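Below is query_3.csv, which holds CSV, C-alpha atoms and all ligand atoms.
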```
chain,number,residue,atom,x,y,z
A,1,MET,CA,97.4,5.2,68.4
A,2,LEU,CA,96.6,7.8,65.8
A,3,ARG,CA,94.8,5.3,63.6
A,4,ASN,CA,92.7,4.2,66.6
A,5,ILE,CA,91.7,7.8,67.4
A,6,LEU,CA,90.7,8.4,63.8
A,7,LYS,CA,88.7,5.1,63.8
A,8,LEU,CA,86.9,6.1,67.0
A,9,ASN,CA,86.1,9.5,65.5
A,10,ARG,CA,84.5,7.9,62.4
A,11,GLN,CA,82.5,5.5,64.5
A,12,ASP,CA,81.1,8.3,66.7
A,13,VAL,CA,80.1,10.3,63.6
A,14,LYS,CA,78.2,7.3,62.2
A,15,LYS,CA,75.8,7.2,65.2
A,16,ASN,CA,72.2,7.8,64.1
A,17,LEU,CA,71.9,11.5,65.0
A,18,SER,CA,71.9,12.8,61.4
A,19,ASN,CA,68.4,14.3,61.6
A,20,ILE,CA,69.5,16.9,64.1
A,21,ASP,CA,70.3,20.4,62.9
A,22,TYR,CA,73.4,20.7,65.0
A,23,ALA,CA,74.0,24.4,64.4
A,24,PHE,CA,70.5,25.3,65.5
A,25,GLU,CA,70.6,22.9,68.5
A,26,ILE,CA,74.0,24.1,69.6
A,27,GLN,CA,72.8,27.8,69.6
A,28,ARG,CA,69.7,26.8,71.6
A,29,LEU,CA,71.6,24.8,74.2
A,30,LYS,CA,74.3,27.5,74.4
A,31,LYS,CA,71.7,30.1,75.4
A,32,LEU,CA,70.0,27.7,77.8
A,33,LYS,CA,73.3,26.9,79.6
A,34,LYS,CA,74.8,30.5,79.3
A,35,ALA,CA,77.7,29.0,77.5
A,36,VAL,CA,80.4,30.5,75.3
A,37,ILE,CA,82.1,28.6,72.4
A,38,LEU,CA,85.8,29.3,71.9
A,39,ALA,CA,87.5,27.8,68.8
A,40,HIS,CA,91.1,27.6,67.7
A,41,VAL,CA,91.8,28.5,64.1
A,42,TYR,CA,92.9,24.9,63.4
A,43,GLN,CA,89.2,23.8,63.8
A,44,SER,CA,87.1,23.0,60.8
A,45,SER,CA,85.4,25.9,59.1
A,46,ASP,CA,81.9,24.9,60.3
A,47,ILE,CA,83.1,25.0,63.9
A,48,GLN,CA,84.9,28.3,63.4
A,49,ASP,CA,81.8,29.9,62.0
A,50,LEU,CA,79.7,28.6,64.9
A,51,ALA,CA,82.0,29.9,67.6
A,52,ASP,CA,81.7,33.1,69.7
A,53,TYR,CA,85.4,33.7,69.5
A,54,VAL,CA,88.0,32.3,67.1
A,55,GLY,CA,91.7,32.8,67.8
A,56,ASP,CA,95.2,31.6,68.6
A,57,SER,CA,96.3,30.0,71.9
A,58,LEU,CA,96.9,33.4,73.5
A,59,ASP,CA,93.7,35.0,72.4
A,60,LEU,CA,91.7,32.1,73.6
A,61,SER,CA,93.5,32.0,77.0
A,62,ARG,CA,92.6,35.7,77.5
A,63,LYS,CA,89.0,35.1,76.5
A,64,ALA,CA,88.7,32.2,78.9
A,65,ALA,CA,90.1,34.2,81.7
A,66,ASN,CA,87.7,37.1,81.2
A,67,THR,CA,84.4,35.4,80.2
A,68,ASP,CA,81.3,35.8,82.3
A,69,ALA,CA,79.7,32.7,80.8
A,70,ASP,CA,78.8,29.7,83.1
A,71,THR,CA,80.2,27.1,80.7
A,72,ILE,CA,83.1,27.3,78.2
A,73,VAL,CA,82.9,24.9,75.3
A,74,PHE,CA,86.5,24.7,74.1
A,75,CYS,CA,86.8,23.6,70.5
A,76,GLY,CA,90.5,22.9,70.4
A,77,VAL,CA,92.8,20.4,72.1
A,78,LYS,CA,93.0,19.3,75.7
A,79,PHE,CA,95.9,21.5,76.9
A,80,MET,CA,93.9,24.6,75.7
A,81,ALA,CA,90.8,23.5,77.6
A,82,GLU,CA,93.0,22.9,80.7
A,83,VAL,CA,94.2,26.5,80.4
A,84,ALA,CA,90.6,27.7,80.3
A,85,LYS,CA,89.8,25.7,83.4
A,86,ILE,CA,92.9,26.9,85.3
A,87,LEU,CA,92.2,30.5,84.5
A,88,SER,CA,88.4,30.1,85.2
A,89,PRO,CA,88.3,27.4,87.8
A,90,ASP,CA,84.7,28.1,88.8
A,91,LYS,CA,83.4,27.5,85.3
A,92,GLU,CA,82.4,24.3,83.7
A,93,VAL,CA,84.8,23.7,80.8
A,94,LEU,CA,83.8,21.2,78.1
A,95,LEU,CA,86.0,19.6,75.5
A,96,PRO,CA,83.9,18.0,72.8
A,97,ASP,CA,86.4,15.1,72.4
A,98,ILE,CA,88.4,14.3,75.4
A,99,ASP,CA,91.0,12.4,73.3
A,100,ALA,CA,92.0,15.7,71.5
A,101,GLY,CA,95.6,15.6,72.6
A,102,CYS,CA,98.8,17.0,71.1
A,103,THR,CA,102.2,15.3,70.2
A,104,LEU,CA,104.0,18.1,72.0
A,105,GLU,CA,102.1,17.5,75.2
A,106,GLN,CA,102.7,13.8,74.9
A,107,SER,CA,106.5,14.3,74.4
A,108,CYS,CA,106.9,15.9,77.8
A,109,GLN,CA,106.0,13.7,80.7
A,110,PRO,CA,106.2,15.1,84.3
A,111,GLU,CA,108.7,12.5,85.7
A,112,GLU,CA,111.2,13.1,82.9
A,113,PHE,CA,110.7,16.9,83.0
A,114,LYS,CA,111.3,16.9,86.8
A,115,LYS,CA,114.6,15.1,86.2
A,116,PHE,CA,115.5,17.6,83.5
A,117,ARG,CA,114.8,20.4,85.9
A,118,ILE,CA,116.9,18.8,88.7
A,119,LYS,CA,119.8,18.3,86.3
A,120,ASN,CA,119.6,22.0,85.4
A,121,LYS,CA,118.9,23.5,88.7
A,122,ASN,CA,120.0,27.0,87.9
A,123,HIS,CA,117.9,27.3,84.8
A,124,LEU,CA,114.6,29.1,84.5
A,125,ALA,CA,112.0,26.8,82.9
A,126,ILE,CA,110.1,28.5,80.1
A,127,THR,CA,107.4,26.2,78.6
A,128,TYR,CA,105.3,26.5,75.5
A,129,ILE,CA,101.6,26.5,76.3
A,130,ASN,CA,101.4,23.3,74.3
A,131,CYS,CA,102.0,21.1,77.4
A,132,SER,CA,99.9,19.4,80.1
A,133,ALA,CA,98.8,21.2,83.3
A,134,GLU,CA,101.4,19.0,85.2
A,135,ILE,CA,104.2,20.4,83.1
A,136,LYS,CA,102.9,24.0,83.6
A,137,ALA,CA,102.9,23.4,87.3
A,138,LEU,CA,106.6,22.5,87.1
A,139,SER,CA,107.5,25.6,85.1
A,140,ASP,CA,108.4,29.2,85.8
A,141,ILE,CA,106.8,31.0,82.9
A,142,VAL,CA,104.5,29.8,80.1
A,143,VAL,CA,104.6,31.3,76.6
A,144,THR,CA,102.8,31.0,73.4
A,145,SER,CA,104.2,31.5,69.9
A,146,SER,CA,102.7,35.0,69.9
A,147,ASN,CA,104.5,36.3,73.0
A,148,ALA,CA,107.6,34.0,73.5
A,149,LYS,CA,110.2,36.4,72.0
A,150,GLU,CA,108.8,39.4,74.0
A,151,ILE,CA,108.9,37.4,77.3
A,152,ILE,CA,112.4,35.8,76.7
A,153,ASP,CA,113.8,39.2,75.8
A,154,LYS,CA,112.7,40.4,79.3
A,155,ILE,CA,114.9,37.7,81.1
A,156,PRO,CA,118.4,38.9,81.8
A,157,LYS,CA,120.9,37.4,79.3
A,158,SER,CA,123.0,36.0,82.2
A,159,LYS,CA,120.1,33.7,83.3
A,160,PRO,CA,120.2,30.2,81.8
A,161,ILE,CA,116.9,28.9,80.4
A,162,ILE,CA,115.4,25.5,79.6
A,163,PHE,CA,112.7,25.6,76.9
A,164,ALA,CA,110.2,22.8,76.5
A,165,PRO,CA,108.6,21.0,74.8
A,166,ASP,CA,109.0,22.1,71.1
A,167,LYS,CA,112.6,21.9,69.9
A,168,HIS,CA,111.9,23.6,66.6
A,169,LEU,CA,110.2,26.6,68.2
A,170,GLY,CA,113.0,26.6,70.8
A,171,ALA,CA,115.7,26.6,68.1
A,172,TYR,CA,113.9,29.5,66.2
A,173,LEU,CA,113.6,31.4,69.5
A,174,ASN,CA,117.3,30.9,70.3
A,175,LYS,CA,118.1,32.4,66.9
A,176,ILE,CA,115.9,35.5,67.1
A,177,THR,CA,116.7,36.2,70.8
A,178,ASN,CA,120.4,35.4,70.5
A,179,ARG,CA,120.2,32.8,73.3
A,180,ASN,CA,121.4,29.3,74.0
A,181,MET,CA,118.3,27.9,75.8
A,182,LEU,CA,118.5,24.1,76.5
A,183,LEU,CA,115.8,22.5,74.4
A,184,TRP,CA,113.5,19.6,75.2
A,185,ASP,CA,113.2,17.1,72.3
A,186,GLY,CA,109.5,17.5,71.3
A,187,THR,CA,107.9,18.1,67.9
A,188,CYS,CA,104.5,18.8,66.5
A,189,ILE,CA,103.3,16.0,64.2
A,190,VAL,CA,101.7,18.6,61.7
A,191,HIS,CA,104.6,21.0,61.3
A,192,ILE,CA,107.3,18.3,60.9
A,193,GLN,CA,105.4,16.8,58.0
A,194,PHE,CA,106.1,19.6,55.5
A,195,SER,CA,108.4,18.6,52.8
A,196,GLU,CA,111.2,21.0,51.7
A,197,ARG,CA,111.2,19.4,48.2
A,198,GLU,CA,107.4,20.0,47.8
A,199,LEU,CA,107.7,23.5,49.1
A,200,LEU,CA,110.5,24.4,46.7
A,201,SER,CA,108.5,23.0,43.7
A,202,LEU,CA,105.4,25.0,44.9
A,203,LYS,CA,107.5,28.1,45.1
A,204,ALA,CA,108.8,27.5,41.6
A,205,GLU,CA,105.3,26.9,40.3
A,206,ASN,CA,104.0,30.1,42.1
A,207,PRO,CA,106.8,32.6,41.8
A,208,ASN,CA,104.6,35.5,43.0
A,209,ALA,CA,103.5,33.8,46.1
A,210,LEU,CA,105.0,34.7,49.5
A,211,PHE,CA,105.7,31.7,51.8
A,212,ILE,CA,104.7,32.2,55.4
A,213,ALA,CA,105.2,29.7,58.2
A,214,HIS,CA,104.5,28.8,61.9
A,215,PRO,CA,107.7,28.6,64.1
A,216,GLU,CA,106.8,24.9,65.0
A,217,CYS,CA,108.3,24.1,61.5
A,218,PRO,CA,111.9,22.8,61.3
A,219,GLU,CA,114.7,25.2,60.2
A,220,ALA,CA,114.8,23.5,56.8
A,221,ILE,CA,111.3,24.9,56.1
A,222,LEU,CA,111.6,28.2,58.1
A,223,LYS,CA,114.7,29.3,56.1
A,224,HIS,CA,112.5,29.7,53.0
A,225,ALA,CA,109.8,31.8,54.8
A,226,GLU,CA,109.2,35.5,54.2
A,227,HIS,CA,107.3,35.8,57.4
A,228,ILE,CA,107.3,33.5,60.5
A,229,GLY,CA,104.7,33.8,63.3
A,230,SER,CA,101.9,32.5,65.4
A,231,THR,CA,98.6,31.7,63.6
A,232,SER,CA,97.2,35.2,64.5
A,233,SER,CA,100.4,36.8,63.2
A,234,LEU,CA,100.1,34.8,59.9
A,235,ILE,CA,96.5,35.9,59.5
A,236,LYS,CA,97.4,39.5,60.2
A,237,PHE,CA,100.3,39.4,57.8
A,238,VAL,CA,98.2,38.3,54.8
A,239,SER,CA,95.6,40.9,55.5
A,240,GLN,CA,98.2,43.7,55.7
A,241,SER,CA,100.3,42.6,52.7
A,242,LYS,CA,99.9,44.2,49.3
A,243,GLU,CA,100.7,40.8,47.8
A,244,LYS,CA,97.9,38.6,46.5
A,245,GLU,CA,99.3,35.0,46.7
A,246,PHE,CA,100.5,33.1,49.8
A,247,ILE,CA,101.9,29.6,50.5
A,248,ILE,CA,100.8,28.6,54.0
A,249,GLY,CA,103.2,26.6,56.2
A,250,THR,CA,100.9,25.6,59.0
A,251,GLU,CA,97.7,23.7,59.6
A,252,PRO,CA,95.5,24.5,56.6
A,253,ASN,CA,92.3,25.2,58.5
A,254,VAL,CA,93.8,28.6,59.4
A,255,MET,CA,93.1,29.5,55.7
A,256,HIS,CA,89.4,29.8,56.6
A,257,GLN,CA,90.0,33.1,58.5
A,258,MET,CA,92.5,34.3,55.8
A,259,LYS,CA,89.9,33.7,53.0
A,260,LYS,CA,87.1,35.3,55.0
A,261,ARG,CA,89.1,38.5,55.5
A,262,ASN,CA,90.7,38.5,52.1
A,263,PRO,CA,88.3,37.0,49.5
A,264,ASP,CA,90.3,38.3,46.6
A,265,LYS,CA,93.6,36.7,47.7
A,266,ILE,CA,94.9,33.2,46.9
A,267,PHE,CA,96.1,30.7,49.5
A,268,ILE,CA,98.1,27.5,48.8
A,269,GLU,CA,98.7,24.8,51.3
A,270,VAL,CA,102.1,22.9,51.6
A,271,PRO,CA,101.6,19.2,51.2
A,272,GLY,CA,103.3,16.6,53.4
A,273,ALA,CA,106.2,14.5,52.5
A,274,ASP,CA,104.6,12.3,49.8
A,275,GLY,CA,103.0,15.2,48.1
A,276,ASN,CA,99.4,14.2,48.5
A,277,CYS,CA,98.8,13.0,52.1
A,278,SER,CA,96.5,15.0,54.4
A,279,CYS,CA,99.1,14.8,57.2
A,280,ASN,CA,99.3,18.6,57.3
A,281,ARG,CA,95.9,18.5,59.1
A,282,CYS,CA,96.1,18.1,62.9
A,283,PRO,CA,94.4,14.8,63.7
A,284,TYR,CA,93.7,15.9,67.3
A,285,MET,CA,91.9,19.1,66.3
A,286,ALA,CA,89.9,17.1,63.8
A,287,LEU,CA,88.4,15.0,66.5
A,288,ASN,CA,86.0,17.8,67.4
A,289,THR,CA,82.8,17.8,65.3
A,290,MET,CA,79.5,19.6,65.3
A,291,GLU,CA,77.9,16.5,66.6
A,292,LYS,CA,80.3,16.2,69.5
A,293,ILE,CA,79.8,19.9,70.4
A,294,TYR,CA,76.0,19.3,70.5
A,295,LEU,CA,76.4,16.2,72.7
A,296,ALA,CA,78.9,18.0,75.0
A,297,LEU,CA,76.4,20.8,75.6
A,298,LYS,CA,73.4,18.4,75.9
A,299,ASN,CA,75.2,16.0,78.4
A,300,SER,CA,77.5,18.5,80.1
A,301,LYS,CA,80.5,16.2,79.4
A,302,PRO,CA,83.2,15.5,78.7
A,303,GLY,CA,84.5,18.1,81.1
A,304,ILE,CA,87.9,19.2,82.3
A,305,HIS,CA,88.6,18.2,85.9
A,306,LEU,CA,91.8,19.1,87.6
A,307,SER,CA,92.8,19.0,91.3
A,308,LYS,CA,92.8,22.4,93.1
A,309,THR,CA,96.5,22.0,94.1
A,310,LEU,CA,97.4,21.3,90.5
A,311,MET,CA,95.4,24.3,89.3
A,312,ILE,CA,97.0,26.7,91.8
A,313,LYS,CA,100.5,25.6,90.8
A,314,ALA,CA,99.8,25.7,87.0
A,315,LYS,CA,98.1,29.1,87.3
A,316,LYS,CA,101.3,30.9,88.5
A,317,PRO,CA,103.4,30.6,85.3
A,318,LEU,CA,100.3,31.3,83.2
A,319,LYS,CA,99.5,34.5,85.2
A,320,ARG,CA,103.2,35.5,84.8
A,321,MET,CA,102.8,35.2,81.1
A,322,LEU,CA,99.6,37.3,81.0
A,323,LYS,CA,101.3,39.9,83.1
A,324,MET,CA,104.5,40.0,81.2
A,325,THR,CA,103.0,40.9,77.8
A,326,ASN,CA,100.1,42.8,76.3
A,327,ASN,CA,100.4,40.9,73.0
B,1,LIG,P1,99.1,29.3,68.0
B,1,LIG,O1,97.7,29.4,67.5
B,1,LIG,O2,99.2,29.9,69.3
B,1,LIG,O3,100.0,29.9,66.9
B,1,LIG,O4,99.5,27.8,68.1
B,1,LIG,C1,99.5,26.9,67.1
B,1,LIG,C2,99.3,25.5,67.6
B,1,LIG,O5,100.0,24.6,67.3
B,1,LIG,C3,98.2,25.2,68.5
B,1,LIG,O6,98.2,23.9,68.8
B,2,LIG,FE1,99.6,19.8,68.9
B,2,LIG,FE2,100.6,20.2,66.5
B,2,LIG,FE3,98.1,19.6,66.7
B,2,LIG,FE4,99.0,22.0,67.5
B,2,LIG,S1,98.9,21.3,65.5
B,2,LIG,S2,97.6,20.7,68.7
B,2,LIG,S3,101.0,21.5,68.3
B,2,LIG,S4,99.8,18.3,67.3
```
Structure rendered as structure tokens:
Amino acid sequence: MLRNILKLNRQDVKKNLSNIDYAFEIQRLKKLKKAVILAHVYQSSDIQDLADYVGDSLDLSRKAANTDADTIVFCGVKFMAEVAKILSPDKEVLLPDIDAGCTLEQSCQPEEFKKFRIKNKNHLAITYINCSAEIKALSDIVVTSSNAKEIIDKIPKSKPIIFAPDKHLGAYLNKITNRNMLLWDGTCIVHIQFSERELLSLKAENPNALFIAHPECPEAILKHAEHIGSTSSLIKFVSQSKEKEFIIGTEPNVMHQMKKRNPDKIFIEVPGADGNCSCNRCPYMALNTMEKIYLALKNSKPGIHLSKTLMIKAKKPLKRMLKMTNN
């Protein structure tokens, strides 16, 4: 499946469009269509530099909810573009590559999730934003890695909770909130690739470097981290730290913002299990390219289309999230 997606991506890029100045054309079409470009920090650096706003999942949801643009070009993955559509249903939302999925989203299918909820009737369903609109519609509250702790801490301790779909983020949240939430068995393909052995040898080679990690990593990796947080929290941490060297336990494109804000600091990426694969890159985020952004704006597709009923249901837990936290 993954191999097919990558093959498709290469074929698309090979099309004879290479004489076009994509950055120039995108800016021109953007003005013409009154569009805004939102980009997640896991996008390639050229896309981040082109975007009107770059941020984590929560920042981008807020931007999508408040924009006055007619069209949102979402440079990220499908669940993020769906959130933009749900929060701004009257806008046209474009996703440059409609196959930009997510393993967490795939791990949690509505029929199974419905059964899980029926089996645990008294539980509140808190779901990570990395899931489909259908799963959001079956949930009570949505969270991101930026605000999950704050929201869970507001739920009375006596209320049982199910948390889906990321079991590693769920286990980390159980630990820091002192809860026993029932966890769905999903993982992120990027964050489970990091090798503890490689990390320890990197730490030994760079004794002054601080290791910081995203909570989608397994406990075996997180236990070595000096700071754990969402992508925006990791970016903030390196800017505020007096230290100069950092080992980064998340998708390495995040280092683009870190380097821009801290040109004098050193950032080191953690390799995957065999030491030299590029499996720490998100293959879904990588499907978006400058060429595809240009084509999306030019052709007004691929767009996100969801039924009204689904959007109304999925909006409730998203709105609850936005109301419950200012973070
Ligand atoms: P945040 O940017 O919210 O930390 O999420 C990371 C992620 O995995 C997005 O897919
Ligand atoms: Fe999904 Fe992981 Fe890619 Fe984020 S990095 S979009 S969680 S597969």
Please measure the separation of atom CA of Lys223 of chain A and atom CA of Asp153 of chain A, giving the value in Å to one decimal.
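Spanning atom CA of Lys223 of chain A to atom CA of Asp153 of chain A is a straight-line distance of 22.1 Å.
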May I ask which of the residues A:Pro252, A:Pro271, A:Pro110, A:Pro89 is the closest one to Gln43 of chain A, counting only C-alpha atoms?
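Nearest to Gln43 of chain A: A:Pro252.
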Counting all atoms listed in the file, figure out which residue out of A:Leu202, A:Ile86, A:Ala137, A:Leu297 gets nearest to Ile37 of chain A.
A:Leu297
For atom CA of Thr144 of chain A and atom CA of Asp46 of chain A, quote the distance in Å rounded to one decimal.
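The value is 25.4 Å.
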What gap, in Å, lies between atom CA of Ile135 of chain A and atom CA of Lys154 of chain A?
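These atoms are spaced 22.1 Å apart.
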Of the residues A:Leu95, A:Met255, A:Ala69, A:Ile155, which is the one nearest to Asn299 of chain A, using all atoms listed in the file?
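Closest candidate: A:Leu95.
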Ligand LIG 1 (chain B): which residues are within 6 Å, counting only C-alpha atoms and all ligand atoms, as a count of residues only?
7
Mind listing the residues within 6 Å of ligand LIG 2 (chain B), only C-alpha atoms and all ligand atoms counted, as JSON, numbers by chain?
{"A": [77, 102, 103, 104, 188, 189, 190, 282, 284]}
Within 10 Å of Phe267 of chain A, counting all atoms listed in the file, which residues qualify if same-chain residues fewer than 6 places away don't, as a list in words?
Ala209, Leu210, Phe211, Val238, Lys244, Glu245, Phe246, Ile247, Ile248, Pro252, Met255, His256, Met258 and Lys259 of chain A
Go ahead and write the residues just picked, C-alpha atoms, as a short mmCIF file (atom, residue, chain, number, x, y, z; two decimals), in the coordinates of the input.
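Listed below is the output, again39.cif:
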```cif
data_model
loop_
_atom_site.label_atom_id
_atom_site.label_comp_id
_atom_site.auth_asym_id
_atom_site.auth_seq_id
_atom_site.Cartn_x
_atom_site.Cartn_y
_atom_site.Cartn_z
CA ALA A 209 103.50 33.80 46.10
CA LEU A 210 105.00 34.70 49.50
CA PHE A 211 105.70 31.70 51.80
CA VAL A 238 98.20 38.30 54.80
CA LYS A 244 97.90 38.60 46.50
CA GLU A 245 99.30 35.00 46.70
CA PHE A 246 100.50 33.10 49.80
CA ILE A 247 101.90 29.60 50.50
CA ILE A 248 100.80 28.60 54.00
CA PRO A 252 95.50 24.50 56.60
CA MET A 255 93.10 29.50 55.70
CA HIS A 256 89.40 29.80 56.60
CA MET A 258 92.50 34.30 55.80
CA LYS A 259 89.90 33.70 53.00
#
```
Proximity check segment 48-147 of chain A to segment 169-177 of chain A, 10 Å, nearest pairs one decimal Å, all atoms listed in the file, as a tab-separated table:
```
residue	atom	partner	partner_atom	distance
A:Ile126	CA	A:Gly170	CA	9.9
A:Thr127	CA	A:Gly170	CA	9.6
A:Tyr128	CA	A:Leu169	CA	8.8
A:Ser145	CA	A:Leu169	CA	7.9
```
When distances are computed from only C-alpha atoms, which of A:Ala220, A:Ile268, A:Val93, A:Ile26 shows the smallest separation from Asn253 of chain A?
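With only C-alpha atoms as the atom set, the closest residue is A:Ile268.
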I want to know what sits within 10 Å of Ala314 of chain A, based on only C-alpha atoms, with residues of the same chain fewer than 2 positions away left out; could you give that as a list of chain:residue names?
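Using only C-alpha atoms, the neighbours found are A:Glu82, A:Val83, A:Ile86, A:Leu87, A:Ser132, A:Ala133, A:Glu134, A:Ile135, A:Lys136, A:Ala137, A:Leu138, A:Ser139, A:Asp140, A:Ile141, A:Val142, A:Lys308, A:Thr309, A:Leu310, A:Met311, A:Ile312, A:Lys316, A:Pro317, A:Leu318, A:Lys319.
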A:Ser201, A:Asn180, A:Ser233, A:Thr187: which is nearest Cys217 of chain A, counting only C-alpha atoms?
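Checking each of A:Ser201, A:Asn180, A:Ser233, A:Thr187 against Cys217 of chain A, counting only C-alpha atoms, the winner is A:Thr187.
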Near Cys75 of chain A, counting all atoms listed in the file, which residues have an atom at most 9 Å away, once you skip same-chain residues fewer than 2 positions from it, shown as a list of chain:residue names?
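That gives A:Ile37, A:Leu38, A:Ala39, A:His40, A:Gln43, A:Ile47, A:Gln48, A:Ala51, A:Val73, A:Val77, A:Met80, A:Ala81, A:Leu94, A:Leu95, A:Pro96, A:Asp97, A:Met285, A:Asn288, A:Thr289, A:Ile293.
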Quick one: residues within 8 Å of Glu105 of chain A, all atoms listed in the file counted, chain neighbours fewer than 5 positions away excluded, as a PyMOL selection string?
chain A and resi 79+130-132+165
Generate a file of the selected residues that holds C-alpha atoms, formatted as a PDB file, in the coordinates of the input.
```pdb
ATOM      1  CA  PHE A  79      95.900  21.500  76.900  1.00  0.00           C
ATOM      2  CA  ASN A 130     101.400  23.300  74.300  1.00  0.00           C
ATOM      3  CA  CYS A 131     102.000  21.100  77.400  1.00  0.00           C
ATOM      4  CA  SER A 132      99.900  19.400  80.100  1.00  0.00           C
ATOM      5  CA  PRO A 165     108.600  21.000  74.800  1.00  0.00           C
TER       6      PRO A 165
END
```
